[in-house]
Amino acid sequence: MQFKNAMAFTGTSDELVYYYHPGLDRILCRKYVKPKMTENNRRIGLVSKKLKSLCPSEGYIMDLKVYVAMYNRRGNQCLIMNWQNAFTKLMYAMAKAYAIDLLAITKDAIYVDNLPCISVRSAVAAGLLPVVEGYERLDKTI
């Protein structure tokens, strides 16, 4: 099956979810599974809202986008899809490494405690994200 405008074909049909993946330049589909409401799913939702409320700066977001492009260019088998995925990955890695509760994190605390998520460069240097060539330039703060 081919589509003239693949990016426009998204949504659900016949119990499948279709979506365009720009990094792969492909339409993907998966079986639709209604999520069960569990305590873990509720917590993940709350953490996601908390991380979104940090409102990273435009420079920080751009550095994450550049990092994702550099990481994906390396030919890794597992790609990072977008800057939000990289941000979430580094925040969860930091929470684990430094015993930080992501539900309680604030932008002020990041600066006061000089946490490694303050910039992409410091996150990579702290081992929260894999090293890519040129990461040292990614120094915009959150």
# chains A, B, ... in the order shown; residues from 1 in each chain; ligands from 1
>>> residues_around(residues="A:Arg74", least_positions_apart="6", cutoff="12 Å", atoms="only C-alpha atoms", output="ChimeraX atom specification")
/A:67-68,80,130-133
>>> residues_around(residues="A:Asp63", least_positions_apart="5", cutoff="7 Å", atoms="only C-alpha atoms", output="list in words")
Val120, Leu138 and Lys140 of chain A
>>> write_last_selection(atoms="N, CA and C atoms", output="mmCIF file, in the first residue's frame")
data_model
loop_
_atom_site.group_PDB
_atom_site.id
_atom_site.type_symbol
_atom_site.label_atom_id
_atom_site.label_comp_id
_atom_site.auth_asym_id
_atom_site.auth_seq_id
_atom_site.Cartn_x
_atom_site.Cartn_y
_atom_site.Cartn_z
ATOM 1 N N VAL A 120 22.743 19.811 28.374
ATOM 2 C CA VAL A 120 22.972 18.533 27.703
ATOM 3 C C VAL A 120 24.434 18.114 27.913
ATOM 4 N N LEU A 138 27.069 21.597 23.516
ATOM 5 C CA LEU A 138 25.654 21.670 23.895
ATOM 6 C C LEU A 138 25.535 22.140 25.338
ATOM 7 N N LYS A 140 23.681 25.051 26.557
ATOM 8 C CA LYS A 140 22.573 25.956 26.943
ATOM 9 C C LYS A 140 21.886 25.378 28.175
#
>>> closest_residue(among="A:Cys29, A:Ala123, A:Ala95, A:Ala69", to="A:Glu15", atoms="only C-alpha atoms")
A:Cys29
>>> closest_residue(among="A:Thr12, A:Asp25, A:Arg121, A:Ile142", to="A:Ala109", atoms="only C-alpha atoms")
A:Ile142
>>> select_by_dssp(residues="stretch 18-107 of chain A", states="alpha helix (DSSP H)", output="PyMOL selection string")
chain A and resi 39-53+58-73+83-98+107
>>> select_by_dssp(residues="stretch 11-97 of chain A", states="strand (DSSP E)", output="list in words")
Gly11, Thr12, Ser13, Leu16, Val17, Tyr18, Tyr19, Tyr20, His21, Arg26, Ile27, Leu28, Cys29, Arg30 and Lys31 of chain A
>>> write_last_selection(atoms="C-alpha atoms", output="PDB file, in the first residue's frame")
ATOM      1  CA  GLY A  11      -5.090   7.715  13.454  1.00  0.00           C
ATOM      2  CA  THR A  12      -6.863   4.467  14.206  1.00  0.00           C
ATOM      3  CA  SER A  13      -8.612   1.978  11.983  1.00  0.00           C
ATOM      4  CA  LEU A  16      -4.698  -0.491  14.626  1.00  0.00           C
ATOM      5  CA  VAL A  17      -2.939   2.799  15.270  1.00  0.00           C
ATOM      6  CA  TYR A  18      -1.178   4.353  12.268  1.00  0.00           C
ATOM      7  CA  TYR A  19       1.392   7.117  12.512  1.00  0.00           C
ATOM      8  CA  TYR A  20       4.131   8.724  10.460  1.00  0.00           C
ATOM      9  CA  HIS A  21       7.676   8.482  11.794  1.00  0.00           C
ATOM     10  CA  ARG A  26       7.753   5.541   7.153  1.00  0.00           C
ATOM     11  CA  ILE A  27       4.178   4.948   8.177  1.00  0.00           C
ATOM     12  CA  LEU A  28       4.114   2.620  11.157  1.00  0.00           C
ATOM     13  CA  CYS A  29       1.216   0.778  12.690  1.00  0.00           C
ATOM     14  CA  ARG A  30       0.648  -1.118  15.883  1.00  0.00           C
ATOM     15  CA  LYS A  31      -2.251  -2.817  17.563  1.00  0.00           C
TER      16      LYS A  31
END
>>> atom_distance(atom1="atom CA of A:Asn41", atom2="atom CA of A:Ile105")
19.0 Å
>>> atom_distance(atom1="atom CA of A:Glu58", atom2="atom CA of A:Arg42")
28.7 Å
>>> residues_around(residues="A:Gly23", least_positions_apart="6", cutoff="9 Å", atoms="only C-alpha atoms", output="list of chain:residue names")
A:Asn72, A:Leu79, A:Ile80, A:Met81, A:Asn82
>>> write_last_selection(atoms="N, CA and C atoms", output="PDB file, in the first residue's frame")
ATOM      1  N   ASN A  72      21.504   9.859  16.509  1.00  0.00           N
ATOM      2  CA  ASN A  72      20.890   9.017  15.490  1.00  0.00           C
ATOM      3  C   ASN A  72      21.795   8.830  14.271  1.00  0.00           C
ATOM      4  N   LEU A  79      16.983   4.222  17.891  1.00  0.00           N
ATOM      5  CA  LEU A  79      17.004   5.660  17.668  1.00  0.00           C
ATOM      6  C   LEU A  79      16.272   6.395  18.786  1.00  0.00           C
ATOM      7  N   ILE A  80      16.636   7.648  18.996  1.00  0.00           N
ATOM      8  CA  ILE A  80      15.861   8.541  19.858  1.00  0.00           C
ATOM      9  C   ILE A  80      14.982   9.347  18.920  1.00  0.00           C
ATOM     10  N   MET A  81      13.688   9.325  19.140  1.00  0.00           N
ATOM     11  CA  MET A  81      12.752   9.884  18.183  1.00  0.00           C
ATOM     12  C   MET A  81      12.694  11.412  18.180  1.00  0.00           C
ATOM     13  N   ASN A  82      12.824  12.040  19.338  1.00  0.00           N
ATOM     14  CA  ASN A  82      12.700  13.503  19.399  1.00  0.00           C
ATOM     15  C   ASN A  82      13.321  14.022  20.690  1.00  0.00           C
TER      16      ASN A  82
END
>>> closest_residue(among="A:Leu129, A:Cys55, A:Met62, A:Val47", to="A:Leu102", atoms="only C-alpha atoms")
A:Val47
>>> residues_around(residues="A:Gly127", least_positions_apart="4", cutoff="10 Å", atoms="only C-alpha atoms", output="PyMOL selection string")
chain A and resi 90+93-94+97+116+122-123+131
>>> residues_around(residues="A:Lys65", least_positions_apart="6", cutoff="9 Å", atoms="only C-alpha atoms", output="count of residues only")
4
>>> closest_residue(among="A:Ile44, A:Leu103, A:Leu128, A:Val33", to="A:Met91", atoms="only C-alpha atoms")
A:Leu128
>>> decode(residues="stretch 46-110 of chain A", atoms="C-alpha atoms", output="compact mmCIF listing (two decimals), in the first residue's frame")
# COMPACT_ATOMS: atom_id res chain seq x y z
CA LEU A 46 2.11 12.77 36.89
CA VAL A 47 5.87 12.72 36.27
CA SER A 48 5.30 13.54 32.59
CA LYS A 49 3.19 16.56 33.57
CA LYS A 50 5.83 17.64 36.08
CA LEU A 51 8.64 17.41 33.51
CA LYS A 52 6.55 19.39 31.02
CA SER A 53 5.99 22.07 33.67
CA LEU A 54 9.78 22.66 33.86
CA CYS A 55 9.47 24.49 30.49
CA PRO A 56 13.04 24.06 29.21
CA SER A 57 14.51 27.10 27.45
CA GLU A 58 14.52 27.32 23.64
CA GLY A 59 18.32 26.97 23.64
CA TYR A 60 18.15 23.82 25.78
CA ILE A 61 15.48 22.33 23.50
CA MET A 62 17.62 23.14 20.45
CA ASP A 63 20.63 21.47 22.09
CA LEU A 64 18.51 18.37 22.73
CA LYS A 65 17.41 18.37 19.08
CA VAL A 66 21.03 18.64 17.95
CA TYR A 67 22.01 15.86 20.38
CA VAL A 68 19.26 13.59 19.00
CA ALA A 69 20.43 14.23 15.43
CA MET A 70 24.06 13.50 16.35
CA TYR A 71 23.07 10.37 18.29
CA ASN A 72 20.89 9.02 15.49
CA ARG A 73 23.59 9.71 12.86
CA ARG A 74 25.91 7.29 14.64
CA GLY A 75 23.87 4.40 13.24
CA ASN A 76 22.55 3.20 16.58
CA GLN A 77 20.08 0.37 16.35
CA CYS A 78 17.77 2.11 18.81
CA LEU A 79 17.00 5.66 17.67
CA ILE A 80 15.86 8.54 19.86
CA MET A 81 12.75 9.88 18.18
CA ASN A 82 12.70 13.50 19.40
CA TRP A 83 14.00 15.94 21.99
CA GLN A 84 11.22 15.08 24.45
CA ASN A 85 12.32 11.44 24.49
CA ALA A 86 15.94 12.46 25.13
CA PHE A 87 14.82 14.83 27.91
CA THR A 88 12.69 12.14 29.56
CA LYS A 89 15.50 9.60 29.25
CA LEU A 90 18.03 11.89 30.91
CA MET A 91 15.63 12.93 33.68
CA TYR A 92 14.79 9.33 34.60
CA ALA A 93 18.49 8.40 34.49
CA MET A 94 19.26 11.32 36.80
CA ALA A 95 16.46 10.36 39.18
CA LYS A 96 17.88 6.85 39.43
CA ALA A 97 21.54 7.90 39.77
CA TYR A 98 20.94 10.69 42.29
CA ALA A 99 17.83 9.35 44.11
CA ILE A 100 15.73 12.33 43.02
CA ASP A 101 11.94 12.29 43.12
CA LEU A 102 10.83 13.60 39.73
CA LEU A 103 7.48 14.61 41.20
CA ALA A 104 9.27 17.10 43.45
CA ILE A 105 11.88 18.50 41.04
CA THR A 106 11.76 22.19 40.17
CA LYS A 107 13.75 24.40 37.84
CA ASP A 108 15.04 26.37 40.84
CA ALA A 109 16.28 23.15 42.47
CA ILE A 110 18.11 22.21 39.27
